[in-house]
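S.K.: Structure supplied as run-v6.txt; contents: compact mmCIF, C-alpha atoms and all ligand atoms.
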```txt
# COMPACT_ATOMS: atom_id res chain seq x y z
CA MET A 1 -87.89 173.14 -72.60
CA GLY A 2 -88.83 175.62 -69.94
CA ASN A 3 -92.23 177.08 -69.22
CA ILE A 4 -95.38 176.69 -71.30
CA LEU A 5 -98.33 179.01 -70.83
CA ALA A 6 -101.44 176.98 -71.73
CA ILE A 7 -104.90 178.33 -72.51
CA GLU A 8 -108.13 176.28 -72.61
CA THR A 9 -111.52 177.79 -73.45
CA SER A 10 -113.20 175.11 -75.56
CA CYS A 11 -116.41 174.81 -73.55
CA ASP A 12 -117.49 176.26 -70.20
CA GLU A 13 -114.22 176.42 -68.25
CA THR A 14 -111.84 179.34 -68.67
CA SER A 15 -108.50 177.87 -67.71
CA ILE A 16 -104.89 179.05 -67.91
CA SER A 17 -101.91 177.13 -66.61
CA VAL A 18 -98.15 177.35 -66.49
CA ILE A 19 -96.32 174.04 -66.94
CA LYS A 20 -92.61 173.57 -66.33
CA ASN A 21 -90.66 170.90 -68.25
CA GLY A 22 -93.89 169.19 -69.36
CA ASP A 23 -94.83 167.62 -66.07
CA THR A 24 -94.69 170.18 -63.27
CA ILE A 25 -97.80 172.28 -62.75
CA LEU A 26 -96.74 175.76 -61.60
CA SER A 27 -100.35 176.95 -61.80
CA ASN A 28 -103.65 175.65 -63.16
CA ILE A 29 -106.41 178.23 -62.71
CA ILE A 30 -109.87 176.99 -63.70
CA TYR A 31 -112.88 179.26 -63.73
CA SER A 32 -116.03 177.18 -64.15
CA GLN A 33 -119.01 178.94 -65.72
CA ILE A 34 -121.48 176.37 -64.42
CA LYS A 35 -123.51 178.82 -62.36
CA HIS A 36 -124.19 180.89 -65.49
CA HIS A 37 -125.46 177.89 -67.48
CA LYS A 38 -127.22 175.92 -64.75
CA LYS A 39 -130.59 177.62 -65.08
CA PHE A 40 -130.71 176.72 -68.78
CA GLY A 41 -129.98 173.03 -68.10
CA GLY A 42 -126.84 173.00 -70.27
CA VAL A 43 -124.12 175.14 -71.81
CA VAL A 44 -125.43 178.16 -73.75
CA PRO A 45 -122.73 178.91 -76.39
CA GLU A 46 -123.40 182.66 -76.48
CA ILE A 47 -123.07 182.97 -72.69
CA ALA A 48 -119.98 180.75 -72.70
CA SER A 49 -118.04 182.95 -75.13
CA ARG A 50 -119.12 186.13 -73.34
CA MET A 51 -118.00 184.77 -69.97
CA HIS A 52 -114.65 183.62 -71.39
CA ALA A 53 -114.08 187.13 -72.76
CA GLU A 54 -114.99 188.68 -69.40
CA LYS A 55 -112.79 186.40 -67.32
CA ILE A 56 -109.77 185.47 -69.40
CA HIS A 57 -107.59 188.47 -68.52
CA SER A 58 -107.96 188.01 -64.78
CA ILE A 59 -107.37 184.26 -65.16
CA LEU A 60 -104.13 185.03 -67.02
CA ASP A 61 -103.00 187.35 -64.22
CA LEU A 62 -103.81 184.70 -61.60
CA ALA A 63 -102.00 181.94 -63.51
CA LEU A 64 -98.83 184.02 -63.85
CA GLN A 65 -99.03 185.24 -60.25
CA GLU A 66 -99.42 181.75 -58.86
CA ALA A 67 -96.50 180.52 -60.99
CA ASN A 68 -94.55 183.54 -59.79
CA LEU A 69 -93.55 184.40 -63.35
CA ASP A 70 -94.24 187.02 -65.98
CA LEU A 71 -94.58 186.63 -69.74
CA ASP A 72 -90.83 187.14 -70.21
CA ASN A 73 -90.30 183.77 -68.51
CA ILE A 74 -92.58 181.88 -70.92
CA GLN A 75 -90.92 179.92 -73.74
CA ASN A 76 -94.03 178.61 -75.54
CA ILE A 77 -97.77 179.25 -75.63
CA ALA A 78 -100.19 176.34 -76.00
CA VAL A 79 -103.84 176.80 -76.88
CA THR A 80 -106.81 174.54 -77.57
CA TYR A 81 -107.97 175.15 -81.15
CA GLY A 82 -110.65 172.41 -81.25
CA PRO A 83 -112.90 170.56 -80.86
CA GLY A 84 -115.31 172.78 -78.96
CA LEU A 85 -117.65 175.73 -79.28
CA GLU A 86 -116.53 178.14 -81.99
CA GLY A 87 -117.12 181.34 -80.02
CA SER A 88 -115.42 179.91 -76.93
CA LEU A 89 -112.38 178.62 -78.83
CA LEU A 90 -111.96 182.02 -80.47
CA VAL A 91 -111.57 183.79 -77.13
CA GLY A 92 -108.65 181.58 -76.05
CA LEU A 93 -107.11 181.57 -79.52
CA THR A 94 -107.26 185.34 -79.80
CA MET A 95 -105.55 185.80 -76.46
CA ALA A 96 -102.89 183.20 -77.35
CA LYS A 97 -102.20 184.75 -80.76
CA THR A 98 -101.99 188.23 -79.28
CA ILE A 99 -99.46 187.25 -76.60
CA SER A 100 -97.52 185.20 -79.14
CA SER A 101 -97.24 188.06 -81.61
CA VAL A 102 -96.55 190.85 -79.09
CA LYS A 103 -94.00 188.87 -77.05
CA LYS A 104 -92.64 186.82 -79.99
CA ILE A 105 -93.32 183.51 -78.25
CA PRO A 106 -93.97 180.39 -80.40
CA LEU A 107 -97.62 179.28 -80.52
CA ILE A 108 -98.63 175.61 -80.35
CA GLY A 109 -102.19 174.54 -81.23
CA VAL A 110 -103.46 171.56 -79.22
CA ASN A 111 -106.36 169.18 -79.88
CA HIS A 112 -108.50 169.22 -76.71
CA LEU A 113 -108.99 165.44 -76.83
CA VAL A 114 -105.27 164.79 -77.08
CA GLY A 115 -104.98 167.15 -74.10
CA HIS A 116 -107.28 164.89 -72.05
CA ILE A 117 -104.87 161.98 -72.66
CA TYR A 118 -101.84 164.09 -71.71
CA ALA A 119 -103.39 164.96 -68.35
CA HIS A 120 -101.80 161.58 -67.48
CA PHE A 121 -98.32 162.96 -68.22
CA LEU A 122 -98.54 165.65 -65.53
CA SER A 123 -96.46 163.63 -63.12
CA LYS A 124 -93.11 161.88 -63.10
CA LYS A 125 -94.80 158.51 -63.61
CA HIS A 126 -96.28 158.24 -67.11
CA PRO A 127 -98.41 155.42 -68.50
CA PRO A 128 -96.11 153.13 -70.53
CA PHE A 129 -96.52 152.85 -74.32
CA PRO A 130 -98.40 151.32 -75.99
CA PHE A 131 -101.67 151.97 -74.20
CA VAL A 132 -105.37 152.35 -74.91
CA ALA A 133 -106.97 155.64 -73.88
CA LEU A 134 -110.68 155.83 -73.20
CA ILE A 135 -111.91 159.41 -73.32
CA ALA A 136 -115.37 159.97 -71.86
CA SER A 137 -116.38 163.62 -71.69
CA GLY A 138 -119.43 165.78 -72.33
CA GLY A 139 -119.05 165.69 -76.10
CA HIS A 140 -116.95 162.59 -76.80
CA THR A 141 -116.64 158.90 -76.00
CA GLN A 142 -113.64 157.52 -77.83
CA LEU A 143 -111.24 154.60 -77.69
CA ILE A 144 -107.77 155.55 -78.85
CA GLU A 145 -104.71 153.44 -79.49
CA VAL A 146 -101.61 155.32 -78.36
CA GLN A 147 -98.47 153.62 -79.64
CA ASN A 148 -96.16 156.51 -78.83
CA HIS A 149 -96.21 160.34 -78.82
CA THR A 150 -96.49 160.49 -82.60
CA LYS A 151 -98.87 157.57 -83.26
CA ILE A 152 -102.28 158.26 -81.78
CA LYS A 153 -105.13 156.50 -83.58
CA LEU A 154 -108.88 156.60 -83.03
CA ILE A 155 -110.26 153.04 -82.96
CA GLY A 156 -113.88 153.65 -82.00
CA GLU A 157 -116.31 156.25 -80.75
CA THR A 158 -119.94 156.81 -79.92
CA ARG A 159 -122.49 156.78 -82.70
CA ASP A 160 -124.74 159.21 -80.85
CA ASP A 161 -124.64 160.64 -77.32
CA ALA A 162 -121.40 160.74 -75.35
CA ALA A 163 -121.30 159.10 -71.91
CA GLY A 164 -121.11 162.50 -70.15
CA GLU A 165 -123.99 163.74 -72.28
CA ALA A 166 -126.06 160.75 -71.10
CA PHE A 167 -125.32 161.72 -67.48
CA ASP A 168 -126.37 165.30 -68.25
CA LYS A 169 -129.58 164.27 -70.08
CA VAL A 170 -130.65 161.74 -67.45
CA ALA A 171 -130.04 164.31 -64.69
CA LYS A 172 -132.09 166.85 -66.64
CA PHE A 173 -134.95 164.36 -67.04
CA LEU A 174 -134.86 163.62 -63.31
CA ASN A 175 -134.79 167.38 -62.54
CA LEU A 176 -131.50 167.05 -60.70
CA GLY A 177 -129.65 169.96 -62.37
CA TYR A 178 -126.53 170.50 -64.48
CA PRO A 179 -123.92 169.07 -64.95
CA GLY A 180 -125.43 165.64 -64.41
CA GLY A 181 -122.31 163.60 -63.61
CA PRO A 182 -121.45 164.81 -60.11
CA ILE A 183 -125.14 164.97 -59.05
CA ILE A 184 -125.92 161.45 -60.29
CA GLU A 185 -122.75 160.12 -58.62
CA LYS A 186 -123.88 161.64 -55.30
CA LYS A 187 -127.45 160.32 -55.53
CA ALA A 188 -126.18 156.90 -56.63
CA LYS A 189 -124.29 156.50 -53.34
CA GLU A 190 -127.64 156.05 -51.59
CA GLY A 191 -129.06 153.71 -54.25
CA ASN A 192 -128.87 150.09 -55.36
CA SER A 193 -126.98 149.61 -58.63
CA ASN A 194 -128.79 146.29 -59.27
CA ALA A 195 -132.29 147.70 -58.69
CA ILE A 196 -133.06 148.25 -62.38
CA LYS A 197 -131.63 146.43 -65.38
CA PHE A 198 -130.93 148.89 -68.19
CA PRO A 199 -129.76 147.78 -71.66
CA LYS A 200 -126.09 147.87 -72.70
CA ALA A 201 -125.88 148.92 -76.35
CA LEU A 202 -123.73 147.65 -79.25
CA LEU A 203 -121.78 145.17 -77.22
CA LYS A 204 -121.02 142.92 -80.17
CA GLU A 205 -120.21 145.64 -82.65
CA GLY A 206 -116.52 146.54 -82.53
CA PHE A 207 -115.45 149.59 -80.60
CA GLU A 208 -118.43 151.82 -81.18
CA PHE A 209 -120.61 153.03 -78.34
CA SER A 210 -124.19 154.24 -78.15
CA PHE A 211 -125.66 155.96 -75.12
CA SER A 212 -128.83 157.49 -76.48
CA GLY A 213 -130.74 154.19 -76.11
CA LEU A 214 -129.75 154.01 -72.46
CA LYS A 215 -131.07 157.52 -71.87
CA THR A 216 -134.36 156.57 -73.58
CA ALA A 217 -134.56 153.37 -71.51
CA VAL A 218 -134.20 155.42 -68.30
CA ILE A 219 -136.99 157.76 -69.42
CA GLN A 220 -139.32 154.92 -70.46
CA THR A 221 -138.69 152.93 -67.28
CA CYS A 222 -139.41 155.97 -65.10
CA ASN A 223 -142.54 156.84 -67.06
CA LYS A 224 -143.85 153.28 -66.66
CA ASN A 225 -143.08 153.04 -62.97
CA LYS A 226 -143.51 156.26 -61.02
CA ASN A 227 -142.56 154.63 -57.72
CA LEU A 228 -138.90 154.04 -58.49
CA LYS A 229 -136.45 155.65 -56.10
CA VAL A 230 -134.36 158.33 -57.80
CA GLU A 231 -131.28 156.99 -55.96
CA ASP A 232 -131.84 153.52 -57.48
CA ILE A 233 -132.30 154.97 -60.97
CA CYS A 234 -129.05 156.93 -60.63
CA ALA A 235 -127.10 153.95 -59.23
CA SER A 236 -128.41 151.54 -61.89
CA PHE A 237 -127.82 154.03 -64.72
CA GLN A 238 -124.29 154.81 -63.51
CA HIS A 239 -123.51 151.11 -63.20
CA THR A 240 -124.72 150.45 -66.76
CA VAL A 241 -122.49 153.25 -68.12
CA ALA A 242 -119.54 151.80 -66.19
CA GLU A 243 -120.20 148.28 -67.49
CA THR A 244 -120.61 149.39 -71.11
CA LEU A 245 -117.46 151.52 -71.09
CA LYS A 246 -115.50 148.77 -69.38
CA ILE A 247 -116.53 145.99 -71.78
CA LYS A 248 -115.50 148.04 -74.82
CA ALA A 249 -112.25 149.22 -73.25
CA GLN A 250 -111.32 145.65 -72.33
CA GLN A 251 -112.02 144.51 -75.90
CA ALA A 252 -109.83 147.36 -77.20
CA CYS A 253 -106.96 146.34 -74.90
CA THR A 254 -107.19 142.74 -76.10
CA PHE A 255 -107.39 143.82 -79.75
CA THR A 256 -104.36 146.12 -79.51
CA LYS A 257 -102.46 143.73 -77.18
CA SER A 258 -102.14 146.49 -74.65
CA SER A 259 -102.05 145.91 -70.91
CA ASP A 260 -102.41 149.58 -69.98
CA LEU A 261 -105.64 151.55 -70.05
CA VAL A 262 -105.71 155.31 -69.54
CA LEU A 263 -109.01 156.80 -68.36
CA ALA A 264 -109.46 160.41 -69.45
CA GLY A 265 -112.20 163.05 -69.53
CA GLY A 266 -114.82 164.37 -67.14
CA VAL A 267 -116.72 161.09 -66.64
CA PHE A 268 -113.66 159.58 -64.94
CA ALA A 269 -113.95 162.12 -62.16
CA ASN A 270 -116.56 159.56 -61.05
CA GLN A 271 -115.09 157.46 -58.22
CA TYR A 272 -117.63 154.64 -58.60
CA ILE A 273 -116.75 154.22 -62.28
CA ILE A 274 -112.98 154.23 -61.76
CA SER A 275 -113.24 151.73 -58.88
CA TYR A 276 -115.40 149.52 -61.07
CA PHE A 277 -112.76 149.62 -63.84
CA LYS A 278 -109.96 148.79 -61.40
CA ASN A 279 -111.87 145.96 -59.72
CA GLN A 280 -112.89 144.42 -63.02
CA LEU A 281 -109.73 144.87 -65.07
CA GLU A 282 -106.76 144.67 -62.73
CA PRO A 283 -107.37 140.97 -61.90
CA ASN A 284 -107.34 140.49 -65.70
CA HIS A 285 -103.85 142.01 -65.96
CA ILE A 286 -104.88 145.39 -67.34
CA ASN A 287 -103.33 148.32 -65.46
CA VAL A 288 -105.94 151.03 -65.10
CA HIS A 289 -104.42 154.53 -65.02
CA THR A 290 -106.44 157.23 -63.28
CA ILE A 291 -105.78 160.84 -62.28
CA PRO A 292 -107.34 163.24 -59.75
CA PRO A 293 -110.83 164.55 -60.73
CA VAL A 294 -109.54 168.08 -61.30
CA LEU A 295 -107.33 166.78 -64.12
CA CYS A 296 -110.17 164.68 -65.62
CA THR A 297 -112.46 167.64 -66.22
CA ASP A 298 -111.40 170.50 -68.50
CA ASN A 299 -108.21 172.31 -67.50
CA ALA A 300 -105.33 174.07 -69.23
CA ALA A 301 -102.55 172.04 -67.57
CA MET A 302 -103.36 169.06 -69.81
CA ILE A 303 -103.07 171.32 -72.88
CA GLY A 304 -99.62 172.43 -71.71
CA ALA A 305 -98.54 168.82 -71.16
CA ALA A 306 -99.65 167.84 -74.68
CA ALA A 307 -97.84 170.85 -76.16
CA HIS A 308 -94.61 169.86 -74.41
CA TYR A 309 -94.50 166.54 -76.29
CA MET A 310 -95.66 168.11 -79.55
CA ILE A 311 -92.73 170.50 -79.37
CA LYS A 312 -90.34 167.71 -78.43
CA HIS A 313 -91.42 165.60 -81.41
CA ASN A 314 -91.97 168.50 -83.78
CA ILE A 315 -95.58 167.56 -84.56
CA TYR A 316 -97.59 170.71 -83.96
CA PRO A 317 -99.99 172.19 -86.54
CA LYS A 318 -98.92 174.89 -88.98
CA LEU A 319 -99.76 178.52 -88.32
CA PRO A 320 -101.98 180.46 -88.68
CA LEU A 321 -104.15 178.46 -86.30
CA LYS A 322 -107.87 178.40 -87.03
CA SER A 323 -110.52 177.50 -84.48
CA THR A 324 -111.74 174.06 -85.56
CA PRO A 325 -114.98 173.12 -83.73
CA ASN A 326 -115.05 169.60 -85.23
CA LEU A 327 -111.35 168.82 -84.93
CA LYS A 328 -110.73 165.05 -84.88
CA ILE A 329 -107.99 162.90 -83.39
O1 LIG A 401 -114.08 166.55 -69.98
P1 LIG A 401 -115.17 167.45 -69.53
O2 LIG A 401 -114.91 168.31 -68.32
O3 LIG A 401 -115.60 168.44 -70.67
C1 LIG A 401 -115.72 168.09 -72.00
O4 LIG A 401 -114.67 168.05 -72.68
O5 LIG A 401 -116.87 167.80 -72.40
O6 LIG A 401 -116.45 166.54 -69.31
C2 LIG A 401 -117.67 167.06 -68.88
C3 LIG A 401 -118.63 165.91 -68.72
C4 LIG A 401 -120.05 166.34 -68.38
O7 LIG A 401 -120.94 165.64 -69.22
C5 LIG A 401 -120.22 165.92 -66.93
O8 LIG A 401 -121.55 165.55 -66.57
C6 LIG A 401 -119.28 164.72 -66.84
O9 LIG A 401 -118.17 165.07 -67.63
N1 LIG A 401 -118.84 164.51 -65.46
C7 LIG A 401 -119.12 163.39 -64.78
C8 LIG A 401 -118.64 163.60 -63.45
N2 LIG A 401 -118.06 164.85 -63.41
C9 LIG A 401 -118.19 165.39 -64.65
N3 LIG A 401 -119.75 162.26 -65.14
C10 LIG A 401 -119.91 161.30 -64.20
N4 LIG A 401 -119.50 161.46 -62.92
C11 LIG A 401 -118.85 162.57 -62.51
N5 LIG A 401 -118.47 162.70 -61.24
ZN ZN A 402 -112.89 168.10 -72.17
```
Taking this structure as input, can you express it in the form of structure tokens?
Ligand code: KG4
Ligand code: ZN
M.R.:
Amino acid sequence: MGNILAIETSCDETSISVIKNGDTILSNIIYSQIKHHKKFGGVVPEIASRMHAEKIHSILDLALQEANLDLDNIQNIAVTYGPGLEGSLLVGLTMAKTISSVKKIPLIGVNHLVGHIYAHFLSKKHPPFPFVALIASGGHTQLIEVQNHTKIKLIGETRDDAAGEAFDKVAKFLNLGYPGGPIIEKKAKEGNSNAIKFPKALLKEGFEFSFSGLKTAVIQTCNKNKNLKVEDICASFQHTVAETLKIKAQQACTFTKSSDLVLAGGVFANQYIISYFKNQLEPNHINVHTIPPVLCTDNAAMIGAAAHYMIKHNIYPKLPLKSTPNLKI
């Protein structure tokens, strides 16, 4: 099916990639805007869209250069059309639509969350169907039953904060900076994960998660006891997130009779969490599929991989594509 040019601008990474035959990454350029948002303690939508608009043309040039191709060698264009920040999505969509109409290249709209799952198809070895995907990112925590390329069903999600959001909020409370995940992971290495017992929410209630209570518990515990070591707070918090995610994912595998679990989204860049999953689940005959951190966090290669299978199975959305900030799976 040739080369797909993929564009991802849903949040604070401007990323463009060229994917060959669905699984070979010819380029995957990712410009992170973190330094522009850091001082505000989170992503500022207005700054995000402005930065995407400033950077996207040079990112396109870099992606084509690295792939050693020009637009005449591109057979399809893939673009994230949701979920995400409206202004950010519009920048990527506008570029994709423009190239598509000027060069007469078909345009494929991709759901960002589906893209996170397809990051696992960027190699010759794919997770076998059926599998359960657990997506844990900055805005979503979802359990998804994936029976095949055309049957992808949400089976549970968070009622409030996402797991990544909890990392970001706890880091903000502890004055550690943004984004919280990598900083907490680093601090946690020096701490004791059993030092503090934080609550695990909603363990008996199906496949729904809740992380806002955990964040509040961290704040209350720290306010009550000012002598706690920040490293111990980070390690104990991180461990509680890992345990909660793992318990629910295991239940979902049992429920769907699936022995393969795919871990997707920024939170699974966390090496402690993925080791915990492997150590806990592999002895229980669940294969835990992980990918390198750069493919867990936002990138356009995963959008290209998803588009490849959408084209193959003829399941892409109708044109004209509209940015859809609340797009669901
Ligand atoms: O998937 P992603 O890059 O973007 C969204 O689609 O939201 O996920 C970003 C989230 C942030 O909340 C960030 O703190 C978290 O992933 N994250 C991590 C780590 N790296 C990024 N969480 C825990 N440990 C990490 N090492
Ligand atoms: Zn994402």
S.K.: Counting all atoms listed in the file, which of A:Leu143, A:Ala305, A:Cys11, A:Ile105 gets nearest to ligand LIG 401 (chain A)?
M.R.: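 The shortest atom-to-atom distance to ligand LIG 401 (chain A) comes from A:Cys11.
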S.K.: Between A:Gly109, A:Pro83, A:Gly191, A:Pro199, single out the one closest to ligand LIG 401 (chain A), counting all atoms listed in the file.
M.R.: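 Distance minimum relative to ligand LIG 401 (chain A) lands on A:Pro83.
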S.K.: Please extract the residues at most 9 Å from ligand ZN 402 (chain A), counting all atoms listed in the file, and provide them as a ChimeraX atom specification, using the chain letters and residue numbers of this document.
M.R.: /A:10-11,84,112-113,115-116,135-140,264-266,296-299
S.K.: Which of these, A:Thr9, A:Asn192, A:Gln147, A:Thr290, has the shortest distance to ligand LIG 401 (chain A) once you count only C-alpha atoms and all ligand atoms?
M.R.: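 Using only C-alpha atoms and all ligand atoms, the shortest distance to ligand LIG 401 (chain A) belongs to A:Thr9.
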S.K.: Can you report as lines of an AutoDock Vina configuration file the centre and edge lengths in Å, to one decimal, of an axis-aligned box around the listed atoms of ligand LIG 401 (chain A) padded with 6 Å on each side?
M.R.:
```
center_x = -117.8
center_y = 164.9
center_z = -67.0
size_x = 19.5
size_y = 19.1
size_z = 23.4
```
S.K.: Could you check which of A:Val288, A:Leu122, A:Ala195, A:Ala171 is closest to ligand LIG 401 (chain A), using all atoms listed in the file?
M.R.: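 For ligand LIG 401 (chain A), the nearest of the given residues is A:Ala171.
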S.K.: Compile the contact shell of Asn284 (chain A) as a VMD selection string: residues with an atom at most 10 Å away, counting all atoms listed in the file, same-chain residues fewer than 6 positions apart removed.
M.R.: chain A and resid 250 259 278
S.K.: Can you list every residue of region 116-154 of chain A that has an atom at most 10 Å from region 15-33 of chain A, with its nearest atom pair and the distance in Å to one decimal, using all atoms listed in the file, ordered by chain then number, as CSV?
M.R.:
```
residue,atom,partner,partner_atom,distance
A:Tyr118,CA,A:Asp23,CA,9.7
A:Ala119,CA,A:Asp23,CA,9.2
A:His120,CA,A:Asp23,CA,9.3
A:Phe121,CA,A:Asp23,CA,6.2
A:Leu122,CA,A:Asp23,CA,4.2
A:Ser123,CA,A:Asp23,CA,5.2
A:Lys124,CA,A:Asp23,CA,6.7
A:Lys125,CA,A:Asp23,CA,9.4
A:His126,CA,A:Asp23,CA,9.5
```
S.K.: Skip Gly213 (chain A) itself and residues of its chain fewer than 2 positions away, then list as a list in words all residues within 10 Å of it, counting all atoms listed in the file.
M.R.: Asp160, Asp161, Ala166, Phe198, Pro199, Lys200, Ala201, Ser210, Phe211, Lys215, Thr216, Ala217, Val218 and Ile219 of chain A
S.K.: N, CA, C and O atoms are what I want for region 307-327 of chain A; can you complete it accordingly and write them as a compact mmCIF listing (two decimals), in the coordinates of the input?
M.R.:
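Now in rebuild-v3.txt:
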```
# COMPACT_ATOMS: atom_id res chain seq x y z
N ALA A 307 -98.71 169.98 -75.35
CA ALA A 307 -97.84 170.85 -76.16
C ALA A 307 -96.37 170.51 -75.95
O ALA A 307 -95.58 170.51 -76.89
N HIS A 308 -96.01 170.20 -74.71
CA HIS A 308 -94.61 169.86 -74.41
C HIS A 308 -94.11 168.73 -75.33
O HIS A 308 -93.03 168.82 -75.92
N TYR A 309 -94.94 167.68 -75.47
CA TYR A 309 -94.50 166.54 -76.29
C TYR A 309 -94.61 166.84 -77.78
O TYR A 309 -93.84 166.32 -78.59
N MET A 310 -95.56 167.72 -78.14
CA MET A 310 -95.66 168.11 -79.55
C MET A 310 -94.42 168.90 -79.98
O MET A 310 -93.93 168.76 -81.10
N ILE A 311 -93.94 169.72 -79.07
CA ILE A 311 -92.73 170.50 -79.37
C ILE A 311 -91.53 169.53 -79.46
O ILE A 311 -90.75 169.57 -80.41
N LYS A 312 -91.46 168.65 -78.48
CA LYS A 312 -90.34 167.71 -78.43
C LYS A 312 -90.24 166.86 -79.70
O LYS A 312 -89.16 166.56 -80.19
N HIS A 313 -91.42 166.48 -80.23
CA HIS A 313 -91.42 165.60 -81.41
C HIS A 313 -91.74 166.34 -82.71
O HIS A 313 -91.98 165.72 -83.74
N ASN A 314 -91.77 167.67 -82.59
CA ASN A 314 -91.97 168.50 -83.78
C ASN A 314 -93.23 168.13 -84.56
O ASN A 314 -93.18 167.95 -85.78
N ILE A 315 -94.35 168.00 -83.88
CA ILE A 315 -95.58 167.56 -84.56
C ILE A 315 -96.76 168.51 -84.35
O ILE A 315 -97.89 168.10 -84.36
N TYR A 316 -96.46 169.79 -84.17
CA TYR A 316 -97.59 170.71 -83.96
C TYR A 316 -98.12 171.28 -85.28
O TYR A 316 -97.41 171.29 -86.28
N PRO A 317 -99.40 171.72 -85.28
CA PRO A 317 -99.99 172.19 -86.54
C PRO A 317 -99.37 173.50 -87.03
O PRO A 317 -98.85 174.28 -86.25
N LYS A 318 -99.47 173.68 -88.34
CA LYS A 318 -98.92 174.89 -88.98
C LYS A 318 -99.72 176.12 -88.59
O LYS A 318 -100.93 176.04 -88.39
N LEU A 319 -99.06 177.27 -88.56
CA LEU A 319 -99.76 178.52 -88.32
C LEU A 319 -100.24 179.06 -89.67
O LEU A 319 -99.69 178.68 -90.69
N PRO A 320 -101.21 179.94 -89.80
CA PRO A 320 -101.98 180.46 -88.68
C PRO A 320 -103.00 179.43 -88.19
O PRO A 320 -103.57 178.68 -88.98
N LEU A 321 -103.20 179.40 -86.89
CA LEU A 321 -104.15 178.46 -86.30
C LEU A 321 -105.56 178.95 -86.52
O LEU A 321 -105.84 180.13 -86.31
N LYS A 322 -106.45 178.03 -86.88
CA LYS A 322 -107.87 178.40 -87.03
C LYS A 322 -108.67 177.64 -86.00
O LYS A 322 -108.40 176.45 -85.79
N SER A 323 -109.65 178.26 -85.39
CA SER A 323 -110.52 177.50 -84.48
C SER A 323 -111.20 176.42 -85.32
O SER A 323 -111.66 176.68 -86.43
N THR A 324 -111.23 175.20 -84.79
CA THR A 324 -111.74 174.06 -85.56
C THR A 324 -112.72 173.28 -84.67
O THR A 324 -112.34 172.32 -83.99
N PRO A 325 -114.01 173.71 -84.66
CA PRO A 325 -114.98 173.12 -83.73
C PRO A 325 -115.11 171.61 -83.85
O PRO A 325 -115.39 170.94 -82.86
N ASN A 326 -114.90 171.05 -85.06
CA ASN A 326 -115.05 169.60 -85.23
C ASN A 326 -113.73 168.88 -85.36
O ASN A 326 -113.66 167.79 -85.94
N LEU A 327 -112.68 169.44 -84.83
CA LEU A 327 -111.35 168.82 -84.93
C LEU A 327 -111.39 167.38 -84.46
O LEU A 327 -112.00 167.05 -83.44
```
